[in-house]
Structure formats: C-alpha cells, structure tokens
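Asker: Shown below is the structure under consideration.
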Amino acid sequence: VQWTPAEVVDLGFVTHYAVYAAEASNGSQQEHLGSVPKGTNELLLASVSLHDYLPYLLVYVENPHGRSAKAVFAMYQDLGWTSSTVTQTATFTSTTSTSGPLLGVTEVSYFDTHSQAYVLEGVVRWSPPAQTSRITEYTVLMAFDEQNSYGTLLKGKDGKSSIPVGVNQVQLYDGSPRQTADPAFPANWLLVFAHTSSGRQTASDAGKTPLYDD
C-alpha cells in the first residue's frame with residue numbers, strides 16, 4: 001500500500017502512518033494491517049488474509065496523542081477472490097493531518113489604565129506556545145468564568161478582534177465596557193484563544209487571567 005503526503009499537510013506532529021482494512025470508508029469494522037514511521041510512505045502487505053467484507057484500505061496519521069480523526073481511503077479489489085491475499089497497490093494523496101492538542105498561550109497579563117469603573121483600557125499581553133505553525137490568529141474575550149461563560153470579544157484600538165500570529169499583545173479599544181454577553185454575569189476573566197483553520201480552541205486550553213478593573 002502506497003500513499004503520497006500532500007504538500008499542504010503540517011507533518012510537524014506526525015510520527016507514524018497506520019494502515020487499516022475496513023468495511024466502509026468511515027472506518028467501521030476496522031482491522032489493523034500495520035504502521036510505519038513518518039518518512040516511509042508505503043506498507044508492504046505480504047500474504048495478508050482479509051475478509052471479503054473489508055473492501056476498503058484506510059491510512060491514518062498518528063502521534064503519541066492518538067491518530068487523526070479521518071483517514072484517506074481507497075477501495076481495493078482482489079481479482080476473482082480466488083484467495084483473500086491482497087496483492088494490489090493503492091496510491092493515496094493525503095489532505096488530512098494530525099497533531100497533538102493545540103497548546104494555548106501562557107503568561108496572560110493585563111493592567112487596566114482607565115480611571116472609570118467598568119471601563120477597560122490597557123494592553124493584554126501573552127507568551128505564545130512553542131509551536132505556532134497551526135495557529136492562524138488569536139482572539140481575546142472577557143467572560144464570567146474560566147469556561148468562557150457569556151464570553152464577548154474584545155477589540156483592539158484598530159477596531160479589529162483578530163490578532164495575527166507573531167503579535168502577542170493587543171491594545172484594547174479605548175473605553176471598552178467591562179461586560180459579558182449577559183449583564184447579569186460580570187466579566188471576571190480574560191481569555192486568549194488560539195485559532196486554527198478548524199476553528200477556535202476550547203476554553204480549557206486557552207490562556208487566561210483574572211480581570212481586575214483597577
């Protein structure tokens with residue numbers, strides 16, 4: 001079985017490829033055929049016996065945290081089914097990558113410089129994670145608790161809420177009201193989220209700091 005990693009795949013977190021036979025392309029009724037380390041793009045199947053109800057071959061990418069949620073796949077055919085030994089070669093082009101959990105920013109800090117209560121002004125700063133290749137942007141929210149309950153986006157002085165990778169601070173828009181999405185729940189926390197092409201990380205992984213309105 002052979003495959004070709006796509007050029008757009010971030011292989012930074014990949015350690016192995018795993019090959020399975022399955023009942024369907026979604027990976028149901030799987031049977032593991034073998035694994036190879038990253039850099040090896042084929043798996044030799046020597047006299048492997050498979051059931052005829054497992055007509056799909058799937059290739060996943062793996063790392064110590066687990067394997068990718070999706071696999072690339074191809075349907076094989078054992079001509080005539082005179083024996084169940086697979087001798088065909090399938091070629092895969094992968095557009096799916098895997099990675100460990102997206103690490104959040106650390107050392108989030110904020111010092112309020114506005115003299116009025118319940119009004120925010122100042123700079124939110126943070127330290128980026130060691131690996132930022134998957135991150136597309138950062139956003140800062142204020143929320144009732146560490147779980148981002150009733151969270152609302154904060155904007156910078158430029159009026160934008162999206163902070164590009166490589167910029168690890170934001171000057172808050174002057175006069176930003178300290179208020180969550182529900183006024184009954186005060187804004188007690190600042191959270192800094194990292195985003196990827198798949199969306200925003202969970203609140204548990206986000207960087208955070210208690211919000212003090214000095």
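Here's how to read the names in the structure tokens: chain A, B, ... by the order shown, residue numbers from 1 in each chain, ligand numbers from 1 in the order shown.
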Which residues are near His32 in chain A? Cut-off 10 Å, only C-alpha atoms, ignore same chain within fewer than 5 positions. Put them as a tab-separated table (two decimals) with C-alpha atoms, in the first residue's frame.

Answerer:
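Below you can see part31.tsv, which holds the result:
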```tsv
chain	number	residue	atom	x	y	z
A	18	ALA	CA	-1.25	3.41	10.27
A	19	VAL	CA	-2.98	1.27	7.65
A	20	TYR	CA	-6.30	-0.46	8.23
A	21	ALA	CA	-8.76	-2.57	6.29
A	22	ALA	CA	-12.37	-1.59	6.92
A	57	LEU	CA	-7.95	0.41	2.81
A	58	LEU	CA	-7.50	3.44	5.07
```

Asker: Write out as a PyMOL selection string which residues come within 12 Å of Thr106 in chain A when counting only C-alpha atoms, dropping same-chain ones fewer than 5 positions away.

Answerer: chain A and resi 124-130+168-169+191-194+205-209

Asker: With C-alpha atoms kept, could you save the residues just selected as a PDB file, in the first residue's frame?

Answerer:
```pdb
ATOM      1  CA  VAL A 124      -3.335  42.467  27.129  1.00  0.00           C
ATOM      2  CA  ARG A 125      -0.090  40.514  26.738  1.00  0.00           C
ATOM      3  CA  TRP A 126       0.733  36.823  26.488  1.00  0.00           C
ATOM      4  CA  SER A 127       3.518  34.391  25.631  1.00  0.00           C
ATOM      5  CA  PRO A 128       2.877  32.232  22.539  1.00  0.00           C
ATOM      6  CA  PRO A 129       3.156  28.430  22.575  1.00  0.00           C
ATOM      7  CA  ALA A 130       6.408  26.909  21.343  1.00  0.00           C
ATOM      8  CA  ASN A 168       1.471  38.693  21.276  1.00  0.00           C
ATOM      9  CA  GLN A 169      -0.401  41.645  22.683  1.00  0.00           C
ATOM     10  CA  LEU A 191      -9.158  34.570  27.901  1.00  0.00           C
ATOM     11  CA  VAL A 192      -6.776  34.474  24.954  1.00  0.00           C
ATOM     12  CA  PHE A 193      -7.744  31.880  22.345  1.00  0.00           C
ATOM     13  CA  ALA A 194      -5.605  30.435  19.566  1.00  0.00           C
ATOM     14  CA  ASP A 205      -6.845  25.158  26.577  1.00  0.00           C
ATOM     15  CA  ALA A 206      -6.968  28.949  26.298  1.00  0.00           C
ATOM     16  CA  GLY A 207      -4.663  31.257  28.211  1.00  0.00           C
ATOM     17  CA  LYS A 208      -6.434  33.220  30.917  1.00  0.00           C
ATOM     18  CA  THR A 209      -6.062  35.672  33.756  1.00  0.00           C
TER      19      THR A 209
END
```

Asker: Find the residue from A:Gln131, A:Gln29, A:Ser149, A:Thr4 that sits nearest to Thr202 in chain A; use only C-alpha atoms when measuring.

Answerer: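 Nearest candidate to Thr202 in chain A out of A:Gln131, A:Gln29, A:Ser149, A:Thr4: A:Ser149.
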
Asker: Considering only C-alpha atoms, state which residue in the set A:Gln171, A:Ser109, A:Asn148, A:Thr180 is at the smallest distance from Pro210 in chain A.

Answerer: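 Once distances to Pro210 in chain A are computed over only C-alpha atoms, the minimum belongs to A:Ser109.
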
Asker: Could you list, as JSON, numbers by chain, every residue within 7 Å of range 157-167 of chain A, counting only C-alpha atoms and ignoring same-chain residues fewer than 4 positions away?

Answerer: {"A": [135, 136, 137, 138, 139, 153, 171, 172, 173, 174]}

Asker: What's around Leu120 in chain A at 9 Å? Count only C-alpha atoms, leave out sequence neighbours fewer than 3 positions away in its own chain, and write the answer as number ranges by chain.

Answerer: A: 112-117, 172-178, 213

Asker: For Met142 in chain A, please output as a PyMOL selection string all residues within 6 Å (counting only C-alpha atoms; exclusion window: fewer than 4 positions along the same chain).

Answerer: chain A and resi 151-152+187+189-190

Asker: Quick check, in Å to one decimal: how far apart do CA of Pro5 in chain A and CA of Glu23 in chain A lie?

Answerer: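 Distance between the two atoms: 23.7 Å.
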
Asker: Between A:Val14, A:Val36, A:Val170, A:Ala203, which has the minimum distance to His65 in chain A (counting only C-alpha atoms)?

Answerer: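 Of the candidates, the smallest distance to His65 in chain A is held by A:Val14.
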
Asker: At what distance in Å, to one decimal, does CA of Leu211 in chain A lie from CA of Ala143 in chain A?

Answerer: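 Separating CA of Ala143 in chain A from CA of Leu211 in chain A is a distance of 9.1 Å.
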
Asker: Within 9 Å of range 67-72 of chain A, which residues of range 18-41 of chain A come that close, and what is the closest atom pair and distance in Å for each? Count only C-alpha atoms and give it as a Markdown table.

Answerer:
```
| residue | atom | partner | partner_atom | distance |
| --- | --- | --- | --- | --- |
| A:Ala18 | CA | A:Arg67 | CA | 8.4 |
| A:Ser25 | CA | A:Ala71 | CA | 8.3 |
| A:Asn26 | CA | A:Lys70 | CA | 7.8 |
| A:Gly27 | CA | A:Ala71 | CA | 8.0 |
```
